[in-house]
$ cat work-v4.cif   # mmCIF, N, CA, C and O atoms
data_final
#
loop_
_atom_site.label_atom_id
_atom_site.label_comp_id
_atom_site.auth_asym_id
_atom_site.auth_seq_id
_atom_site.Cartn_x
_atom_site.Cartn_y
_atom_site.Cartn_z
N LEU A 1004 2.62 7.51 9.41
CA LEU A 1004 2.81 8.91 9.10
C LEU A 1004 1.59 9.45 8.37
O LEU A 1004 1.11 10.53 8.68
N ASN A 1005 1.09 8.68 7.42
CA ASN A 1005 -0.07 9.14 6.68
C ASN A 1005 -1.28 9.35 7.59
O ASN A 1005 -2.00 10.33 7.45
N ALA A 1006 -1.48 8.43 8.50
CA ALA A 1006 -2.60 8.57 9.44
C ALA A 1006 -2.43 9.84 10.26
O ALA A 1006 -3.40 10.59 10.46
N LEU A 1007 -1.23 10.11 10.71
CA LEU A 1007 -0.98 11.32 11.49
C LEU A 1007 -1.23 12.58 10.67
O LEU A 1007 -1.80 13.56 11.16
N ILE A 1008 -0.80 12.55 9.41
CA ILE A 1008 -1.00 13.71 8.54
C ILE A 1008 -2.49 13.97 8.34
O ILE A 1008 -2.98 15.09 8.50
N PHE A 1009 -3.24 12.93 8.00
CA PHE A 1009 -4.67 13.11 7.76
C PHE A 1009 -5.41 13.55 9.03
O PHE A 1009 -6.31 14.38 8.97
N LEU A 1010 -5.01 12.99 10.17
CA LEU A 1010 -5.64 13.42 11.42
C LEU A 1010 -5.31 14.87 11.74
O LEU A 1010 -6.16 15.63 12.19
N ALA A 1011 -4.06 15.25 11.52
CA ALA A 1011 -3.66 16.64 11.78
C ALA A 1011 -4.44 17.60 10.89
O ALA A 1011 -4.89 18.66 11.34
N LEU A 1012 -4.61 17.22 9.63
CA LEU A 1012 -5.38 18.07 8.72
C LEU A 1012 -6.84 18.16 9.15
O LEU A 1012 -7.43 19.24 9.16
N ARG A 1013 -7.41 17.03 9.52
CA ARG A 1013 -8.82 17.02 9.92
C ARG A 1013 -9.04 17.78 11.22
O ARG A 1013 -9.99 18.55 11.36
N GLU A 1014 -8.15 17.56 12.18
CA GLU A 1014 -8.30 18.18 13.50
C GLU A 1014 -7.71 19.59 13.56
O GLU A 1014 -7.82 20.25 14.59
N GLN A 1015 -7.08 20.01 12.46
CA GLN A 1015 -6.42 21.32 12.38
C GLN A 1015 -5.40 21.50 13.51
O GLN A 1015 -5.38 22.50 14.22
N THR A 1016 -4.58 20.45 13.66
CA THR A 1016 -3.48 20.49 14.63
C THR A 1016 -2.19 20.20 13.87
O THR A 1016 -2.19 20.13 12.64
N THR A 1017 -1.12 19.98 14.58
CA THR A 1017 0.15 19.63 13.95
C THR A 1017 0.31 18.13 13.92
O THR A 1017 -0.34 17.39 14.68
N VAL A 1018 1.19 17.70 13.06
CA VAL A 1018 1.50 16.27 12.99
C VAL A 1018 2.16 15.83 14.29
O VAL A 1018 1.88 14.75 14.82
N ALA A 1019 3.01 16.68 14.85
CA ALA A 1019 3.67 16.37 16.12
C ALA A 1019 2.65 16.20 17.24
O ALA A 1019 2.78 15.31 18.09
N HIS A 1020 1.62 17.03 17.25
CA HIS A 1020 0.57 16.90 18.27
C HIS A 1020 -0.14 15.55 18.14
O HIS A 1020 -0.38 14.88 19.15
N GLN A 1021 -0.47 15.17 16.92
CA GLN A 1021 -1.12 13.87 16.71
C GLN A 1021 -0.19 12.73 17.11
O GLN A 1021 -0.63 11.73 17.67
N HIS A 1022 1.09 12.91 16.85
CA HIS A 1022 2.09 11.90 17.23
C HIS A 1022 2.09 11.70 18.74
O HIS A 1022 2.08 10.56 19.23
N LYS A 1023 2.09 12.80 19.48
CA LYS A 1023 2.07 12.72 20.95
C LYS A 1023 0.76 12.12 21.45
O LYS A 1023 0.74 11.32 22.39
N GLU A 1024 -0.34 12.50 20.82
CA GLU A 1024 -1.65 12.04 21.26
C GLU A 1024 -1.83 10.54 21.03
O GLU A 1024 -2.40 9.84 21.85
N LEU A 1025 -1.34 10.05 19.89
CA LEU A 1025 -1.55 8.64 19.54
C LEU A 1025 -0.40 7.74 19.96
O LEU A 1025 -0.52 6.52 19.94
N GLY A 1026 0.75 8.32 20.26
CA GLY A 1026 1.85 7.53 20.80
C GLY A 1026 2.61 6.68 19.80
O GLY A 1026 3.18 5.67 20.17
N PHE A 1027 2.61 7.06 18.52
CA PHE A 1027 3.43 6.33 17.55
C PHE A 1027 4.90 6.49 17.92
O PHE A 1027 5.35 7.60 18.19
N SER A 1028 5.63 5.41 17.94
CA SER A 1028 7.04 5.50 18.33
C SER A 1028 7.99 5.23 17.16
O SER A 1028 9.20 5.34 17.33
N ASP A 1029 7.48 4.88 16.01
CA ASP A 1029 8.35 4.49 14.90
C ASP A 1029 8.61 5.62 13.90
O ASP A 1029 9.23 5.39 12.88
N ILE A 1030 8.15 6.83 14.20
CA ILE A 1030 8.35 7.95 13.29
C ILE A 1030 9.33 8.93 13.95
O ILE A 1030 9.06 9.44 15.04
N PRO A 1031 10.46 9.17 13.31
CA PRO A 1031 11.46 10.07 13.90
C PRO A 1031 10.94 11.49 14.07
O PRO A 1031 10.14 11.98 13.27
N GLU A 1032 11.42 12.16 15.11
CA GLU A 1032 11.02 13.53 15.40
C GLU A 1032 11.34 14.46 14.23
O GLU A 1032 10.59 15.40 13.96
N GLN A 1033 12.44 14.20 13.53
CA GLN A 1033 12.84 15.04 12.40
C GLN A 1033 11.77 15.02 11.30
O GLN A 1033 11.46 16.05 10.72
N VAL A 1034 11.19 13.87 11.05
CA VAL A 1034 10.14 13.75 10.04
C VAL A 1034 8.92 14.55 10.46
O VAL A 1034 8.30 15.24 9.65
N LEU A 1035 8.58 14.47 11.73
CA LEU A 1035 7.44 15.24 12.25
C LEU A 1035 7.69 16.74 12.09
O LEU A 1035 6.80 17.49 11.69
N ALA A 1036 8.91 17.16 12.38
CA ALA A 1036 9.25 18.58 12.25
C ALA A 1036 9.15 19.03 10.80
O ALA A 1036 8.65 20.13 10.51
N TRP A 1037 9.62 18.19 9.87
CA TRP A 1037 9.52 18.53 8.44
C TRP A 1037 8.05 18.69 8.04
O TRP A 1037 7.71 19.61 7.32
N CYS A 1038 7.23 17.76 8.48
CA CYS A 1038 5.80 17.82 8.14
C CYS A 1038 5.17 19.09 8.68
O CYS A 1038 4.36 19.73 7.99
N ASP A 1039 5.52 19.45 9.91
CA ASP A 1039 4.91 20.63 10.52
C ASP A 1039 5.39 21.94 9.90
O ASP A 1039 4.75 22.98 10.07
N CYS A 1040 6.49 21.89 9.15
CA CYS A 1040 6.97 23.08 8.44
C CYS A 1040 6.23 23.29 7.11
O CYS A 1040 6.32 24.37 6.53
N MET A 1041 5.51 22.28 6.66
CA MET A 1041 4.81 22.37 5.37
C MET A 1041 3.47 23.10 5.53
O MET A 1041 2.84 23.01 6.59
N ASN A 1042 3.05 23.75 4.44
CA ASN A 1042 1.71 24.33 4.47
C ASN A 1042 0.69 23.23 4.19
O ASN A 1042 1.07 22.09 3.86
N GLU A 1043 -0.57 23.52 4.34
CA GLU A 1043 -1.62 22.51 4.23
C GLU A 1043 -1.65 21.82 2.86
O GLU A 1043 -1.82 20.61 2.77
N ASP A 1044 -1.46 22.59 1.80
CA ASP A 1044 -1.46 22.01 0.45
C ASP A 1044 -0.31 21.04 0.25
O ASP A 1044 -0.48 19.94 -0.31
N ASP A 1045 0.88 21.44 0.70
CA ASP A 1045 2.05 20.56 0.55
C ASP A 1045 1.90 19.30 1.40
O ASP A 1045 2.29 18.21 1.00
N LEU A 1046 1.34 19.47 2.58
CA LEU A 1046 1.13 18.32 3.46
C LEU A 1046 0.10 17.36 2.86
O LEU A 1046 0.29 16.14 2.90
N THR A 1047 -0.94 17.90 2.27
CA THR A 1047 -1.94 17.08 1.59
C THR A 1047 -1.31 16.34 0.41
O THR A 1047 -1.57 15.16 0.19
N HIS A 1048 -0.47 17.05 -0.33
CA HIS A 1048 0.22 16.44 -1.47
C HIS A 1048 1.14 15.31 -1.00
O HIS A 1048 1.18 14.24 -1.62
N LEU A 1049 1.86 15.54 0.09
CA LEU A 1049 2.73 14.49 0.65
C LEU A 1049 1.92 13.26 1.03
O LEU A 1049 2.28 12.13 0.70
N ALA A 1050 0.80 13.48 1.71
CA ALA A 1050 -0.05 12.35 2.13
C ALA A 1050 -0.58 11.60 0.92
O ALA A 1050 -0.63 10.36 0.91
N ALA A 1051 -0.95 12.33 -0.14
CA ALA A 1051 -1.45 11.68 -1.36
C ALA A 1051 -0.34 10.87 -2.02
O ALA A 1051 -0.58 9.76 -2.51
N GLU A 1052 0.87 11.40 -2.03
CA GLU A 1052 2.00 10.67 -2.63
C GLU A 1052 2.32 9.40 -1.84
O GLU A 1052 2.63 8.36 -2.42
N ILE A 1053 2.26 9.48 -0.53
CA ILE A 1053 2.49 8.29 0.31
C ILE A 1053 1.42 7.24 0.01
O ILE A 1053 1.72 6.06 -0.20
N ALA A 1054 0.16 7.67 -0.03
CA ALA A 1054 -0.94 6.74 -0.31
C ALA A 1054 -0.78 6.14 -1.70
O ALA A 1054 -0.99 4.93 -1.89
N ASN A 1055 -0.40 6.95 -2.67
CA ASN A 1055 -0.19 6.47 -4.03
C ASN A 1055 0.93 5.43 -4.08
O ASN A 1055 0.81 4.41 -4.76
N GLY A 1056 2.02 5.69 -3.37
CA GLY A 1056 3.13 4.75 -3.33
C GLY A 1056 2.72 3.42 -2.70
O GLY A 1056 3.09 2.35 -3.19
N LEU A 1057 1.95 3.50 -1.63
CA LEU A 1057 1.47 2.27 -0.99
C LEU A 1057 0.54 1.50 -1.92
O LEU A 1057 0.60 0.27 -2.00
N TRP A 1058 -0.31 2.22 -2.64
CA TRP A 1058 -1.23 1.59 -3.59
C TRP A 1058 -0.43 0.89 -4.69
O TRP A 1058 -0.72 -0.26 -5.04
N ASP A 1059 0.57 1.59 -5.24
CA ASP A 1059 1.39 1.01 -6.30
C ASP A 1059 2.12 -0.24 -5.83
O ASP A 1059 2.19 -1.24 -6.54
N GLU A 1060 2.66 -0.20 -4.60
CA GLU A 1060 3.34 -1.37 -4.04
C GLU A 1060 2.38 -2.54 -3.88
O GLU A 1060 2.72 -3.69 -4.17
N ASN A 1061 1.17 -2.24 -3.43
CA ASN A 1061 0.16 -3.28 -3.23
C ASN A 1061 -0.23 -3.92 -4.56
O ASN A 1061 -0.32 -5.14 -4.68
N ILE A 1062 -0.46 -3.10 -5.58
CA ILE A 1062 -0.83 -3.61 -6.90
C ILE A 1062 0.32 -4.43 -7.48
O ILE A 1062 0.10 -5.51 -8.02
N ALA A 1063 1.54 -3.92 -7.37
CA ALA A 1063 2.70 -4.64 -7.90
C ALA A 1063 2.85 -5.99 -7.21
O ALA A 1063 3.12 -7.00 -7.87
N ALA A 1064 2.68 -6.03 -5.90
CA ALA A 1064 2.79 -7.30 -5.17
C ALA A 1064 1.71 -8.27 -5.60
O ALA A 1064 1.95 -9.46 -5.76
N THR A 1065 0.50 -7.77 -5.82
CA THR A 1065 -0.61 -8.62 -6.25
C THR A 1065 -0.32 -9.19 -7.63
O THR A 1065 -0.56 -10.37 -7.89
N LEU A 1066 0.20 -8.35 -8.53
CA LEU A 1066 0.51 -8.82 -9.88
C LEU A 1066 1.61 -9.86 -9.88
O LEU A 1066 1.54 -10.83 -10.62
N VAL A 1067 2.61 -9.69 -9.04
CA VAL A 1067 3.70 -10.66 -8.96
C VAL A 1067 3.16 -11.99 -8.48
O VAL A 1067 3.49 -13.04 -9.03
N ILE A 1068 2.30 -11.98 -7.47
CA ILE A 1068 1.73 -13.22 -6.95
C ILE A 1068 0.89 -13.90 -8.01
O ILE A 1068 1.02 -15.09 -8.27
N LYS A 1069 0.00 -13.16 -8.68
CA LYS A 1069 -0.87 -13.76 -9.69
C LYS A 1069 -0.05 -14.27 -10.88
O LYS A 1069 -0.34 -15.33 -11.41
N THR A 1070 0.96 -13.51 -11.28
CA THR A 1070 1.79 -13.94 -12.41
C THR A 1070 2.55 -15.20 -12.06
O THR A 1070 2.61 -16.13 -12.85
N SER A 1071 3.12 -15.26 -10.86
CA SER A 1071 3.88 -16.45 -10.49
C SER A 1071 2.97 -17.65 -10.34
O SER A 1071 3.36 -18.78 -10.64
N GLU A 1072 1.74 -17.44 -9.89
CA GLU A 1072 0.80 -18.56 -9.80
C GLU A 1072 0.46 -19.08 -11.19
O GLU A 1072 0.34 -20.28 -11.40
N THR A 1073 0.30 -18.19 -12.14
CA THR A 1073 -0.06 -18.60 -13.49
C THR A 1073 1.09 -19.33 -14.17
O THR A 1073 0.86 -20.27 -14.93
N LEU A 1074 2.31 -18.90 -13.89
CA LEU A 1074 3.46 -19.50 -14.54
C LEU A 1074 3.97 -20.76 -13.84
O LEU A 1074 4.81 -21.45 -14.39
N ALA A 1075 3.47 -21.05 -12.66
CA ALA A 1075 3.94 -22.22 -11.94
C ALA A 1075 3.55 -23.49 -12.70
O ALA A 1075 2.50 -23.58 -13.32
N ALA A 1076 4.46 -24.44 -12.65
CA ALA A 1076 4.20 -25.71 -13.34
C ALA A 1076 2.99 -26.40 -12.72
O ALA A 1076 2.88 -26.51 -11.51
N GLN A 1077 2.10 -26.85 -13.58
CA GLN A 1077 0.90 -27.53 -13.13
C GLN A 1077 1.02 -29.01 -13.48
O GLN A 1077 1.40 -29.36 -14.58
N PRO A 1078 0.71 -29.89 -12.54
CA PRO A 1078 0.78 -31.32 -12.85
C PRO A 1078 -0.29 -31.70 -13.88
O PRO A 1078 -1.37 -31.12 -13.91
N ILE A 1079 0.04 -32.65 -14.69
CA ILE A 1079 -0.91 -33.13 -15.70
C ILE A 1079 -1.65 -34.33 -15.14
O ILE A 1079 -1.05 -35.30 -14.70
N ASP A 1080 -2.95 -34.25 -15.18
CA ASP A 1080 -3.78 -35.35 -14.72
C ASP A 1080 -4.30 -36.06 -15.97
O ASP A 1080 -5.09 -35.51 -16.74
N ASP A 1081 -3.84 -37.29 -16.19
CA ASP A 1081 -4.24 -38.03 -17.39
C ASP A 1081 -5.75 -38.23 -17.49
O ASP A 1081 -6.29 -38.36 -18.57
N GLN A 1082 -6.41 -38.25 -16.36
CA GLN A 1082 -7.85 -38.47 -16.36
C GLN A 1082 -8.60 -37.32 -17.03
O GLN A 1082 -9.66 -37.51 -17.59
N LYS A 1083 -8.02 -36.14 -16.97
CA LYS A 1083 -8.72 -34.95 -17.48
C LYS A 1083 -8.33 -34.64 -18.93
O LYS A 1083 -8.88 -33.72 -19.51
N GLN A 1084 -7.40 -35.35 -19.49
CA GLN A 1084 -6.96 -35.07 -20.86
C GLN A 1084 -7.96 -35.69 -21.85
O GLN A 1084 -8.40 -36.82 -21.66
N PRO A 1085 -8.33 -34.95 -22.86
CA PRO A 1085 -9.26 -35.52 -23.85
C PRO A 1085 -8.56 -36.65 -24.62
O PRO A 1085 -7.36 -36.63 -24.83
N THR A 1086 -9.33 -37.61 -24.99
CA THR A 1086 -8.76 -38.70 -25.77
C THR A 1086 -8.52 -38.25 -27.21
O THR A 1086 -9.19 -37.35 -27.70
N LEU A 1087 -7.57 -38.85 -27.84
CA LEU A 1087 -7.28 -38.52 -29.23
C LEU A 1087 -8.23 -39.27 -30.15
O LEU A 1087 -8.70 -40.37 -29.84
N LEU A 1088 -8.50 -38.69 -31.29
CA LEU A 1088 -9.37 -39.33 -32.28
C LEU A 1088 -8.76 -40.65 -32.73
O LEU A 1088 -9.47 -41.61 -32.99
N SER A 1089 -7.45 -40.72 -32.78
CA SER A 1089 -6.77 -41.94 -33.23
C SER A 1089 -6.92 -43.08 -32.23
O SER A 1089 -6.65 -44.24 -32.55
N ASP A 1090 -7.38 -42.77 -30.99
CA ASP A 1090 -7.57 -43.83 -30.00
C ASP A 1090 -8.80 -44.67 -30.29
O ASP A 1090 -9.00 -45.74 -29.73
N TYR A 1091 -9.66 -44.21 -31.19
CA TYR A 1091 -10.90 -44.93 -31.46
C TYR A 1091 -10.70 -45.90 -32.53
O TYR A 1091 -10.67 -46.29 -33.42
#
$ encode --input "work-v4.cif" --output "structure tokens"
Amino acid sequence: LNALIFLALREQTTVAHQHKELGFSDIPEQVLAWCDCMNEDDLTHLAAEIANGLWDENIAATLVIKTSETLAAQPIDDQKQPTLLSDY
């Protein structure tokens, strides 16, 4: 949807026209109609909100992966442990 919105804005066409031209099949006609009822500023705002949401989801997913990697139990390798002073 975001790609269609940005293309429609750039090409100064409707979102429905871009939909027909590019052949996306996963976007309902009702959504296209809603987009085409918006003025350019509102459509730009919608596209920015979609991009922001995708960015936030991507960052959140990255943080979850990094956090879980950090918290995962790590095996202890005796070879890498420093010796105690009392061992001497």
$ residues_near_point --input "work-v4.cif" --point "(-4.3, 14.1, 17.1)" --cutoff "6 Å" --atoms "only C-alpha atoms" --output "list in words"
Leu1010, Ala1011, His1020, Gln1021 and Glu1024 of chain A
$ atom_distance --input "work-v4.cif" --atom1 "atom C of Leu1012 of chain A" --atom2 "atom CA of Asn1061 of chain A"
25.7 Å
$ axis_aligned_box --input "work-v4.cif" --around "segment 1048-1059 of chain A" --padding-each-side "4 Å" --output "JSON"
{"center_x": 0.8, "center_y": 7.9, "center_z": -2.2, "size_x": 12.6, "size_y": 26.3, "size_z": 16.7}
$ atom_distance --input "work-v4.cif" --atom1 "atom CA of Phe1009 of chain A" --atom2 "atom CA of Leu1057 of chain A"
15.2 Å
$ resolve_selection --input "work-v4.cif" --expression "the PyMOL selection byres (((chain A and resi 1046-1051 and name CA) around 9) and name CA)" --output "MDAnalysis selection string"
chainID A and resid 1004:1006 1008:1009 1012 1038:1039 1041:1045 1052:1056
$ atom_distance --input "work-v4.cif" --atom1 "atom O of Arg1013 of chain A" --atom2 "atom N of Asp1059 of chain A"
26.0 Å
$ decode --input "work-v4.cif" --residues "segment 1016-1042 of chain A" --atoms "N, CA, C and O atoms" --output "mmCIF file, in the first residue's frame"
data_model
loop_
_atom_site.group_PDB
_atom_site.id
_atom_site.type_symbol
_atom_site.label_atom_id
_atom_site.label_comp_id
_atom_site.auth_asym_id
_atom_site.auth_seq_id
_atom_site.Cartn_x
_atom_site.Cartn_y
_atom_site.Cartn_z
ATOM 1 N N THR A 1016 -1.227 10.414 -9.938
ATOM 2 C CA THR A 1016 -2.359 9.579 -10.336
ATOM 3 C C THR A 1016 -3.079 9.142 -9.067
ATOM 4 O O THR A 1016 -2.752 9.604 -7.978
ATOM 5 N N THR A 1017 -3.997 8.221 -9.194
ATOM 6 C CA THR A 1017 -4.692 7.696 -8.024
ATOM 7 C C THR A 1017 -4.015 6.421 -7.556
ATOM 8 O O THR A 1017 -3.270 5.770 -8.310
ATOM 9 N N VAL A 1018 -4.300 6.081 -6.333
ATOM 10 C CA VAL A 1018 -3.770 4.829 -5.786
ATOM 11 C C VAL A 1018 -4.378 3.648 -6.541
ATOM 12 O O VAL A 1018 -3.689 2.671 -6.851
ATOM 13 N N ALA A 1019 -5.653 3.756 -6.888
ATOM 14 C CA ALA A 1019 -6.315 2.688 -7.650
ATOM 15 C C ALA A 1019 -5.652 2.496 -9.015
ATOM 16 O O ALA A 1019 -5.485 1.358 -9.478
ATOM 17 N N HIS A 1020 -5.265 3.585 -9.650
ATOM 18 C CA HIS A 1020 -4.582 3.480 -10.951
ATOM 19 C C HIS A 1020 -3.252 2.735 -10.793
ATOM 20 O O HIS A 1020 -2.934 1.858 -11.604
ATOM 21 N N GLN A 1021 -2.494 3.078 -9.771
ATOM 22 C CA GLN A 1021 -1.224 2.387 -9.524
ATOM 23 C C GLN A 1021 -1.464 0.915 -9.211
ATOM 24 O O GLN A 1021 -0.703 0.050 -9.625
ATOM 25 N N HIS A 1022 -2.541 0.650 -8.493
ATOM 26 C CA HIS A 1022 -2.903 -0.737 -8.159
ATOM 27 C C HIS A 1022 -3.142 -1.548 -9.432
ATOM 28 O O HIS A 1022 -2.639 -2.662 -9.576
ATOM 29 N N LYS A 1023 -3.901 -0.969 -10.350
ATOM 30 C CA LYS A 1023 -4.188 -1.653 -11.623
ATOM 31 C C LYS A 1023 -2.922 -1.809 -12.458
ATOM 32 O O LYS A 1023 -2.696 -2.842 -13.085
ATOM 33 N N GLU A 1024 -2.086 -0.785 -12.459
ATOM 34 C CA GLU A 1024 -0.873 -0.806 -13.271
ATOM 35 C C GLU A 1024 0.130 -1.845 -12.767
ATOM 36 O O GLU A 1024 0.776 -2.526 -13.553
ATOM 37 N N LEU A 1025 0.259 -1.962 -11.448
ATOM 38 C CA LEU A 1025 1.264 -2.863 -10.880
ATOM 39 C C LEU A 1025 0.712 -4.239 -10.538
ATOM 40 O O LEU A 1025 1.469 -5.165 -10.273
ATOM 41 N N GLY A 1026 -0.603 -4.372 -10.474
ATOM 42 C CA GLY A 1026 -1.201 -5.687 -10.291
ATOM 43 C C GLY A 1026 -1.129 -6.256 -8.886
ATOM 44 O O GLY A 1026 -1.141 -7.471 -8.724
ATOM 45 N N PHE A 1027 -1.035 -5.406 -7.865
ATOM 46 C CA PHE A 1027 -1.084 -5.922 -6.498
ATOM 47 C C PHE A 1027 -2.451 -6.548 -6.253
ATOM 48 O O PHE A 1027 -3.476 -5.956 -6.567
ATOM 49 N N SER A 1028 -2.471 -7.731 -5.687
ATOM 50 C CA SER A 1028 -3.754 -8.402 -5.470
ATOM 51 C C SER A 1028 -4.115 -8.512 -3.987
ATOM 52 O O SER A 1028 -5.194 -8.987 -3.664
ATOM 53 N N ASP A 1029 -3.242 -8.098 -3.106
ATOM 54 C CA ASP A 1029 -3.483 -8.294 -1.679
ATOM 55 C C ASP A 1029 -4.063 -7.068 -0.977
ATOM 56 O O ASP A 1029 -4.214 -7.072 0.232
ATOM 57 N N ILE A 1030 -4.404 -6.032 -1.726
ATOM 58 C CA ILE A 1030 -4.960 -4.819 -1.128
ATOM 59 C C ILE A 1030 -6.431 -4.714 -1.544
ATOM 60 O O ILE A 1030 -6.738 -4.651 -2.741
ATOM 61 N N PRO A 1031 -7.329 -4.708 -0.573
ATOM 62 C CA PRO A 1031 -8.759 -4.645 -0.899
ATOM 63 C C PRO A 1031 -9.141 -3.355 -1.625
ATOM 64 O O PRO A 1031 -8.563 -2.291 -1.379
ATOM 65 N N GLU A 1032 -10.128 -3.451 -2.499
ATOM 66 C CA GLU A 1032 -10.601 -2.302 -3.267
ATOM 67 C C GLU A 1032 -11.092 -1.188 -2.343
ATOM 68 O O GLU A 1032 -10.923 -0.009 -2.651
ATOM 69 N N GLN A 1033 -11.675 -1.553 -1.207
ATOM 70 C CA GLN A 1033 -12.187 -0.561 -0.263
ATOM 71 C C GLN A 1033 -11.060 0.333 0.262
ATOM 72 O O GLN A 1033 -11.222 1.539 0.388
ATOM 73 N N VAL A 1034 -9.911 -0.255 0.531
ATOM 74 C CA VAL A 1034 -8.760 0.505 1.013
ATOM 75 C C VAL A 1034 -8.290 1.475 -0.066
ATOM 76 O O VAL A 1034 -7.968 2.635 0.212
ATOM 77 N N LEU A 1035 -8.267 1.015 -1.302
ATOM 78 C CA LEU A 1035 -7.876 1.880 -2.414
ATOM 79 C C LEU A 1035 -8.842 3.054 -2.545
ATOM 80 O O LEU A 1035 -8.425 4.198 -2.759
ATOM 81 N N ALA A 1036 -10.125 2.776 -2.402
ATOM 82 C CA ALA A 1036 -11.137 3.831 -2.504
ATOM 83 C C ALA A 1036 -10.955 4.854 -1.385
ATOM 84 O O ALA A 1036 -11.067 6.065 -1.615
ATOM 85 N N TRP A 1037 -10.669 4.382 -0.171
ATOM 86 C CA TRP A 1037 -10.440 5.303 0.950
ATOM 87 C C TRP A 1037 -9.236 6.201 0.661
ATOM 88 O O TRP A 1037 -9.283 7.395 0.914
ATOM 89 N N CYS A 1038 -8.180 5.602 0.162
ATOM 90 C CA CYS A 1038 -6.969 6.378 -0.142
ATOM 91 C C CYS A 1038 -7.256 7.436 -1.199
ATOM 92 O O CYS A 1038 -6.785 8.572 -1.089
ATOM 93 N N ASP A 1039 -8.022 7.064 -2.215
ATOM 94 C CA ASP A 1039 -8.297 7.998 -3.302
ATOM 95 C C ASP A 1039 -9.242 9.124 -2.882
ATOM 96 O O ASP A 1039 -9.323 10.155 -3.559
ATOM 97 N N CYS A 1040 -9.940 8.955 -1.760
ATOM 98 C CA CYS A 1040 -10.799 10.023 -1.237
ATOM 99 C C CYS A 1040 -10.003 11.057 -0.439
ATOM 100 O O CYS A 1040 -10.511 12.139 -0.157
ATOM 101 N N MET A 1041 -8.773 10.728 -0.082
ATOM 102 C CA MET A 1041 -7.949 11.635 0.729
ATOM 103 C C MET A 1041 -7.290 12.702 -0.147
ATOM 104 O O MET A 1041 -6.977 12.443 -1.309
ATOM 105 N N ASN A 1042 -7.043 13.864 0.471
ATOM 106 C CA ASN A 1042 -6.273 14.875 -0.254
ATOM 107 C C ASN A 1042 -4.790 14.514 -0.159
ATOM 108 O O ASN A 1042 -4.408 13.586 0.569
#
